[in-house]
Amino acid sequence: MISVVIRAKNEASWLRRCLTALSLQSVRPEEVVIVDNQSWDSTQSVAKESGCQVINIDDAEFTHGRALNRGISTCSGDLVALLSAHCIPVNDRWLERLVANFADPVVAGVYGRQEPLPDSHDFDKRDLWTTFGVERRIQRRDPFFHNANATIRRSVWEKHPFNEALFGLEDRVWAQEVLAAKHVIVYEPAASVYHYHGIHQGRDERRAQRVVRVIELMQQNGY
């Protein structure tokens, strides 16, 4: 069984496109869970109209890792796809291509390519094109991983849930832990999504500071 967990905050327009793309997949998920962070637009209405389960998390307790853990804990799938509400699968084989990699039992997680839209900012286009290449990789030491477009094995998550204390890069810390446990991570470029604002959100200085602090922590832990 395959579940999908989508994090959202005021993403009504993007979420509608995302859910439409999910409904057209060659491999359909059995359930879709939306973890909503106090949206004041129609995000929850869009989710419920599409038959999604909605979980609420408020600003006081929100971290990316906690939101994901809440969503995954409600799922029943052996595999759980993780998707940001503003990430739109490029074609109808997105989920199929992610899931195919789990035929190898040592695979803990698979993340896919992210592509900009024509009107994405040049900074975001640059970052996405230089970060997500066209060659498939099996990662045994490199802990790069990205939860905006990924699928994880639930049995691995049960032993290694996402760190809820971090305000960013919880995906790479998770990857570091599962690699240390002798699992592998796969980058599957054929499973691609459009990601409007990219992975660094332009020149957001506060976001950069948070990312740097987490990377420093990972280096202390042997990254």
# chains A, B, ... in the order shown; residues from 1 in each chain; ligands from 1

$ select_by_dssp --residues "segment 12-187 of chain A" --states "strand (DSSP E)" --output "ChimeraX atom specification"
/A:31-36,53-56,79-84,87-89,107-115,137-139,149-153,184-187

$ write_last_selection --atoms "N, CA, C and O atoms" --output "compact mmCIF listing (two decimals), in the first residue's frame"
# COMPACT_ATOMS: atom_id res chain seq x y z
N GLU A 31 -4.17 6.43 -0.14
CA GLU A 31 -4.63 7.49 0.74
C GLU A 31 -3.72 8.70 0.60
O GLU A 31 -2.54 8.58 0.28
N VAL A 32 -4.31 9.88 0.81
CA VAL A 32 -3.56 11.14 0.77
C VAL A 32 -3.88 11.91 2.05
O VAL A 32 -5.06 12.15 2.36
N VAL A 33 -2.84 12.26 2.78
CA VAL A 33 -2.98 12.99 4.04
C VAL A 33 -2.39 14.38 3.86
O VAL A 33 -1.24 14.52 3.43
N ILE A 34 -3.16 15.41 4.17
CA ILE A 34 -2.69 16.79 4.11
C ILE A 34 -2.39 17.25 5.54
O ILE A 34 -3.27 17.19 6.41
N VAL A 35 -1.17 17.69 5.79
CA VAL A 35 -0.82 18.26 7.09
C VAL A 35 -0.82 19.78 6.90
O VAL A 35 0.07 20.33 6.25
N ASP A 36 -1.83 20.42 7.46
CA ASP A 36 -2.05 21.85 7.21
C ASP A 36 -1.60 22.70 8.40
O ASP A 36 -2.01 22.46 9.54
N GLN A 53 -7.54 13.17 3.85
CA GLN A 53 -7.61 13.37 5.29
C GLN A 53 -6.79 14.61 5.63
O GLN A 53 -5.71 14.81 5.10
N VAL A 54 -7.30 15.45 6.53
CA VAL A 54 -6.60 16.67 6.91
C VAL A 54 -6.20 16.61 8.37
O VAL A 54 -7.03 16.32 9.24
N ILE A 55 -4.93 16.89 8.62
CA ILE A 55 -4.39 16.98 9.98
C ILE A 55 -3.93 18.41 10.19
O ILE A 55 -3.28 18.99 9.32
N ASN A 56 -4.25 18.97 11.34
CA ASN A 56 -3.88 20.35 11.63
C ASN A 56 -2.68 20.41 12.55
O ASN A 56 -2.57 19.63 13.50
N LEU A 79 4.87 2.16 2.01
CA LEU A 79 5.66 3.23 1.42
C LEU A 79 4.88 4.52 1.55
O LEU A 79 3.66 4.55 1.33
N VAL A 80 5.58 5.61 1.89
CA VAL A 80 4.92 6.90 2.07
C VAL A 80 5.63 7.93 1.20
O VAL A 80 6.83 8.21 1.40
N ALA A 81 4.91 8.48 0.24
CA ALA A 81 5.46 9.55 -0.59
C ALA A 81 5.27 10.87 0.13
O ALA A 81 4.22 11.13 0.72
N LEU A 82 6.31 11.71 0.09
CA LEU A 82 6.30 13.02 0.73
C LEU A 82 6.36 14.08 -0.36
O LEU A 82 7.22 14.02 -1.23
N LEU A 83 5.46 15.05 -0.27
CA LEU A 83 5.35 16.03 -1.33
C LEU A 83 4.94 17.37 -0.73
O LEU A 83 4.09 17.44 0.15
N SER A 84 5.58 18.44 -1.18
CA SER A 84 5.11 19.77 -0.81
C SER A 84 3.92 20.13 -1.69
O SER A 84 3.86 19.75 -2.86
N CYS A 87 4.50 21.48 -5.14
CA CYS A 87 5.27 20.65 -6.08
C CYS A 87 4.29 19.82 -6.91
O CYS A 87 3.48 19.08 -6.37
N ILE A 88 4.41 19.95 -8.23
CA ILE A 88 3.45 19.32 -9.14
C ILE A 88 4.16 18.24 -9.96
O ILE A 88 5.09 18.55 -10.73
N PRO A 89 3.78 16.96 -9.82
CA PRO A 89 4.38 15.92 -10.64
C PRO A 89 4.34 16.27 -12.13
O PRO A 89 3.30 16.70 -12.65
N VAL A 107 16.99 -0.18 0.28
CA VAL A 107 16.65 1.23 0.00
C VAL A 107 15.73 1.75 1.09
O VAL A 107 14.65 1.21 1.34
N ALA A 108 16.15 2.86 1.73
CA ALA A 108 15.34 3.50 2.77
C ALA A 108 14.47 4.61 2.21
O ALA A 108 13.34 4.82 2.65
N GLY A 109 15.02 5.34 1.24
CA GLY A 109 14.29 6.47 0.68
C GLY A 109 14.73 6.77 -0.72
O GLY A 109 15.87 6.49 -1.12
N VAL A 110 13.84 7.36 -1.49
CA VAL A 110 14.10 7.75 -2.87
C VAL A 110 13.60 9.18 -3.04
O VAL A 110 12.49 9.50 -2.62
N TYR A 111 14.43 10.05 -3.61
CA TYR A 111 13.97 11.40 -3.90
C TYR A 111 14.12 11.67 -5.39
O TYR A 111 14.96 11.08 -6.07
N GLY A 112 13.26 12.55 -5.88
CA GLY A 112 13.22 12.78 -7.32
C GLY A 112 13.73 14.15 -7.71
O GLY A 112 14.12 14.98 -6.88
N ARG A 113 13.72 14.38 -8.99
CA ARG A 113 14.20 15.64 -9.55
C ARG A 113 13.19 16.76 -9.29
O ARG A 113 11.99 16.52 -9.16
N GLN A 114 13.69 17.99 -9.21
CA GLN A 114 12.85 19.17 -9.09
C GLN A 114 13.24 20.14 -10.20
O GLN A 114 14.41 20.45 -10.39
N GLU A 115 12.22 20.60 -10.93
CA GLU A 115 12.45 21.49 -12.06
C GLU A 115 11.72 22.82 -11.85
O GLU A 115 10.64 22.84 -11.25
N ARG A 137 21.41 8.15 -9.10
CA ARG A 137 22.49 7.88 -8.17
C ARG A 137 22.02 6.97 -7.04
O ARG A 137 20.88 7.10 -6.57
N ILE A 138 22.90 6.09 -6.60
CA ILE A 138 22.70 5.32 -5.38
C ILE A 138 23.67 5.88 -4.34
O ILE A 138 24.87 5.85 -4.55
N GLN A 139 23.14 6.41 -3.26
CA GLN A 139 23.96 7.11 -2.27
C GLN A 139 24.15 6.23 -1.02
O GLN A 139 23.19 5.89 -0.34
N ASN A 149 9.95 16.13 -2.58
CA ASN A 149 9.62 15.15 -3.61
C ASN A 149 10.37 13.87 -3.29
O ASN A 149 11.51 13.68 -3.71
N ALA A 150 9.74 13.00 -2.51
CA ALA A 150 10.45 11.80 -2.05
C ALA A 150 9.46 10.72 -1.65
O ALA A 150 8.26 10.96 -1.51
N THR A 151 9.97 9.52 -1.46
CA THR A 151 9.21 8.41 -0.89
C THR A 151 10.12 7.67 0.09
O THR A 151 11.30 7.48 -0.19
N ILE A 152 9.57 7.29 1.24
CA ILE A 152 10.36 6.58 2.23
C ILE A 152 9.69 5.26 2.60
O ILE A 152 8.49 5.08 2.41
N ARG A 153 10.50 4.35 3.14
CA ARG A 153 9.99 3.07 3.60
C ARG A 153 9.50 3.26 5.05
O ARG A 153 10.28 3.66 5.93
N VAL A 184 20.49 2.56 2.01
CA VAL A 184 20.94 3.44 0.94
C VAL A 184 19.81 4.39 0.55
O VAL A 184 18.63 4.12 0.79
N ILE A 185 20.22 5.50 -0.05
CA ILE A 185 19.31 6.50 -0.59
C ILE A 185 19.47 6.50 -2.10
O ILE A 185 20.58 6.37 -2.61
N VAL A 186 18.37 6.65 -2.83
CA VAL A 186 18.42 6.68 -4.29
C VAL A 186 17.91 8.03 -4.79
O VAL A 186 16.88 8.54 -4.32
N TYR A 187 18.64 8.61 -5.73
CA TYR A 187 18.15 9.77 -6.47
C TYR A 187 17.61 9.28 -7.80
O TYR A 187 18.35 8.70 -8.60

$ select_by_dssp --residues "segment 9-183 of chain A" --states "helix (DSSP H, G or I)" --output "ChimeraX atom specification"
/A:12-23,43-49,64-73,94-103,122-131,154-159,170-180

$ closest_atom_pairs --of "segment 56-96 of chain A" --to "segment 169-183 of chain A" --cutoff "10 Å" --atoms "only C-alpha atoms" --output "CSV"
residue,atom,partner,partner_atom,distance
A:Thr63,CA,A:Glu170,CA,9.1
A:His64,CA,A:Glu170,CA,7.1
A:Gly65,CA,A:Glu170,CA,5.8
A:Arg66,CA,A:Glu170,CA,9.5
A:Leu68,CA,A:Glu170,CA,9.8

$ closest_residue --among "A:Thr43, A:Ser192, A:Thr20, A:Ser73" --to "Ser155 of chain A" --atoms "only C-alpha atoms"
A:Ser73

$ residues_around --residues "Leu15 of chain A" --least-positions-apart "4" --cutoff "10 Å" --atoms "only C-alpha atoms" --output "list in words"
Ile6, Arg7, Ala8, Lys9, Asn10, Glu11, Leu19, Thr20, Ala21, Ile34, Ser42, Thr43, Gln44, Val46, Ala47, Ser84, Ala85, His86, Cys87 and Ile88 of chain A

$ write_last_selection --atoms "all heavy atoms" --output "short mmCIF file (atom, residue, chain, number, x, y, z; two decimals), in the first residue's frame"
data_model
loop_
_atom_site.label_atom_id
_atom_site.label_comp_id
_atom_site.auth_asym_id
_atom_site.auth_seq_id
_atom_site.Cartn_x
_atom_site.Cartn_y
_atom_site.Cartn_z
N ILE A 6 1.25 15.29 2.30
CA ILE A 6 1.52 16.60 1.69
C ILE A 6 1.48 17.67 2.78
O ILE A 6 0.48 17.79 3.50
CB ILE A 6 0.48 16.93 0.60
CG1 ILE A 6 0.52 15.89 -0.51
CG2 ILE A 6 0.71 18.33 0.03
CD1 ILE A 6 -0.57 16.07 -1.57
N ARG A 7 2.56 18.43 2.91
CA ARG A 7 2.58 19.57 3.83
C ARG A 7 2.05 20.81 3.09
O ARG A 7 2.41 21.05 1.94
CB ARG A 7 3.99 19.85 4.32
CG ARG A 7 4.56 18.77 5.21
CD ARG A 7 5.95 19.11 5.67
NE ARG A 7 6.89 19.25 4.57
CZ ARG A 7 8.20 19.30 4.71
NH1 ARG A 7 8.74 19.22 5.91
NH2 ARG A 7 8.99 19.43 3.67
N ALA A 8 1.23 21.61 3.80
CA ALA A 8 0.63 22.77 3.14
C ALA A 8 0.41 23.91 4.12
O ALA A 8 0.15 23.68 5.31
CB ALA A 8 -0.71 22.37 2.51
N LYS A 9 0.51 25.12 3.60
CA LYS A 9 0.09 26.33 4.32
C LYS A 9 -0.32 27.36 3.26
O LYS A 9 0.52 27.82 2.49
CB LYS A 9 1.21 26.89 5.19
CG LYS A 9 0.78 28.12 6.02
CD LYS A 9 1.91 28.63 6.88
CE LYS A 9 1.50 29.87 7.68
NZ LYS A 9 0.54 29.55 8.76
N ASN A 10 -1.59 27.66 3.23
CA ASN A 10 -2.13 28.62 2.24
C ASN A 10 -1.72 28.26 0.82
O ASN A 10 -1.19 29.07 0.07
CB ASN A 10 -1.67 30.04 2.59
CG ASN A 10 -2.20 30.51 3.92
OD1 ASN A 10 -3.31 30.19 4.31
ND2 ASN A 10 -1.39 31.27 4.64
N GLU A 11 -1.99 27.02 0.45
CA GLU A 11 -1.56 26.49 -0.85
C GLU A 11 -2.74 26.07 -1.71
O GLU A 11 -2.62 25.15 -2.52
CB GLU A 11 -0.65 25.27 -0.64
CG GLU A 11 0.59 25.52 0.19
CD GLU A 11 1.74 26.03 -0.65
OE1 GLU A 11 1.50 26.46 -1.80
OE2 GLU A 11 2.88 25.99 -0.17
N LEU A 19 -3.06 17.78 -6.44
CA LEU A 19 -3.99 16.66 -6.27
C LEU A 19 -4.53 16.16 -7.61
O LEU A 19 -4.77 14.96 -7.79
CB LEU A 19 -5.14 17.07 -5.35
CG LEU A 19 -4.73 17.34 -3.89
CD1 LEU A 19 -5.92 17.86 -3.10
CD2 LEU A 19 -4.13 16.10 -3.25
N THR A 20 -4.70 17.07 -8.57
CA THR A 20 -5.11 16.64 -9.91
C THR A 20 -4.04 15.75 -10.53
O THR A 20 -4.35 14.71 -11.12
CB THR A 20 -5.36 17.87 -10.81
OG1 THR A 20 -6.45 18.63 -10.28
CG2 THR A 20 -5.70 17.44 -12.23
N ALA A 21 -2.78 16.15 -10.38
CA ALA A 21 -1.68 15.35 -10.91
C ALA A 21 -1.62 13.99 -10.23
O ALA A 21 -1.36 12.96 -10.87
CB ALA A 21 -0.36 16.09 -10.75
N ILE A 34 -3.16 15.41 4.17
CA ILE A 34 -2.69 16.79 4.11
C ILE A 34 -2.39 17.25 5.54
O ILE A 34 -3.27 17.19 6.41
CB ILE A 34 -3.74 17.73 3.49
CG1 ILE A 34 -4.25 17.18 2.15
CG2 ILE A 34 -3.16 19.14 3.36
CD1 ILE A 34 -3.21 17.07 1.08
N SER A 42 -8.41 28.61 1.24
CA SER A 42 -9.30 27.46 1.08
C SER A 42 -8.54 26.14 0.95
O SER A 42 -9.07 25.17 0.40
CB SER A 42 -10.21 27.66 -0.14
OG SER A 42 -9.45 27.86 -1.32
N THR A 43 -7.31 26.08 1.46
CA THR A 43 -6.51 24.86 1.37
C THR A 43 -7.27 23.65 1.90
O THR A 43 -7.33 22.59 1.26
CB THR A 43 -5.19 25.03 2.14
OG1 THR A 43 -4.36 25.97 1.45
CG2 THR A 43 -4.44 23.71 2.26
N GLN A 44 -7.86 23.78 3.08
CA GLN A 44 -8.54 22.61 3.68
C GLN A 44 -9.78 22.21 2.89
O GLN A 44 -10.07 21.02 2.76
CB GLN A 44 -8.90 22.91 5.13
CG GLN A 44 -7.68 23.02 6.04
CD GLN A 44 -7.99 22.72 7.48
OE1 GLN A 44 -9.03 22.14 7.81
NE2 GLN A 44 -7.07 23.08 8.36
N VAL A 46 -10.16 22.52 -0.37
CA VAL A 46 -9.66 21.82 -1.55
C VAL A 46 -9.29 20.39 -1.19
O VAL A 46 -9.61 19.43 -1.91
CB VAL A 46 -8.44 22.56 -2.15
CG1 VAL A 46 -7.77 21.72 -3.23
CG2 VAL A 46 -8.87 23.91 -2.71
N ALA A 47 -8.61 20.22 -0.07
CA ALA A 47 -8.20 18.88 0.36
C ALA A 47 -9.40 17.98 0.62
O ALA A 47 -9.44 16.82 0.16
CB ALA A 47 -7.34 19.00 1.62
N SER A 84 5.58 18.44 -1.18
CA SER A 84 5.11 19.77 -0.81
C SER A 84 3.92 20.13 -1.69
O SER A 84 3.86 19.75 -2.86
CB SER A 84 6.23 20.80 -1.01
OG SER A 84 7.27 20.60 -0.07
N ALA A 85 2.99 20.89 -1.11
CA ALA A 85 1.75 21.20 -1.84
C ALA A 85 2.01 21.98 -3.12
O ALA A 85 1.21 21.91 -4.05
CB ALA A 85 0.80 21.97 -0.94
N HIS A 86 3.11 22.72 -3.17
CA HIS A 86 3.41 23.52 -4.37
C HIS A 86 4.34 22.79 -5.33
O HIS A 86 4.91 23.41 -6.21
CB HIS A 86 4.01 24.86 -3.97
CG HIS A 86 5.13 24.76 -2.99
ND1 HIS A 86 4.95 24.90 -1.65
CD2 HIS A 86 6.44 24.50 -3.17
CE1 HIS A 86 6.10 24.75 -1.03
NE2 HIS A 86 7.02 24.50 -1.94
N CYS A 87 4.50 21.48 -5.14
CA CYS A 87 5.27 20.65 -6.08
C CYS A 87 4.29 19.82 -6.91
O CYS A 87 3.48 19.08 -6.37
CB CYS A 87 6.24 19.75 -5.34
SG CYS A 87 7.66 20.63 -4.65
N ILE A 88 4.41 19.95 -8.23
CA ILE A 88 3.45 19.32 -9.14
C ILE A 88 4.16 18.24 -9.96
O ILE A 88 5.09 18.55 -10.73
CB ILE A 88 2.85 20.36 -10.12
CG1 ILE A 88 2.42 21.62 -9.39
CG2 ILE A 88 1.69 19.72 -10.90
CD1 ILE A 88 1.40 21.41 -8.31
#

$ atom_distance --atom1 "atom CA of Gly51 of chain A" --atom2 "atom CA of Glu158 of chain A"
26.1 Å

$ closest_residue --among "A:Ala190, A:Cys75, A:Val134, A:Ala12" --to "Glu30 of chain A" --atoms "only C-alpha atoms"
A:Cys75

$ residues_around --residues "Asp78 of chain A" --least-positions-apart "5" --cutoff "7 Å" --atoms "only C-alpha atoms" --output "list of chain:residue names"
A:Met1, A:Ile2, A:Arg153, A:Arg154
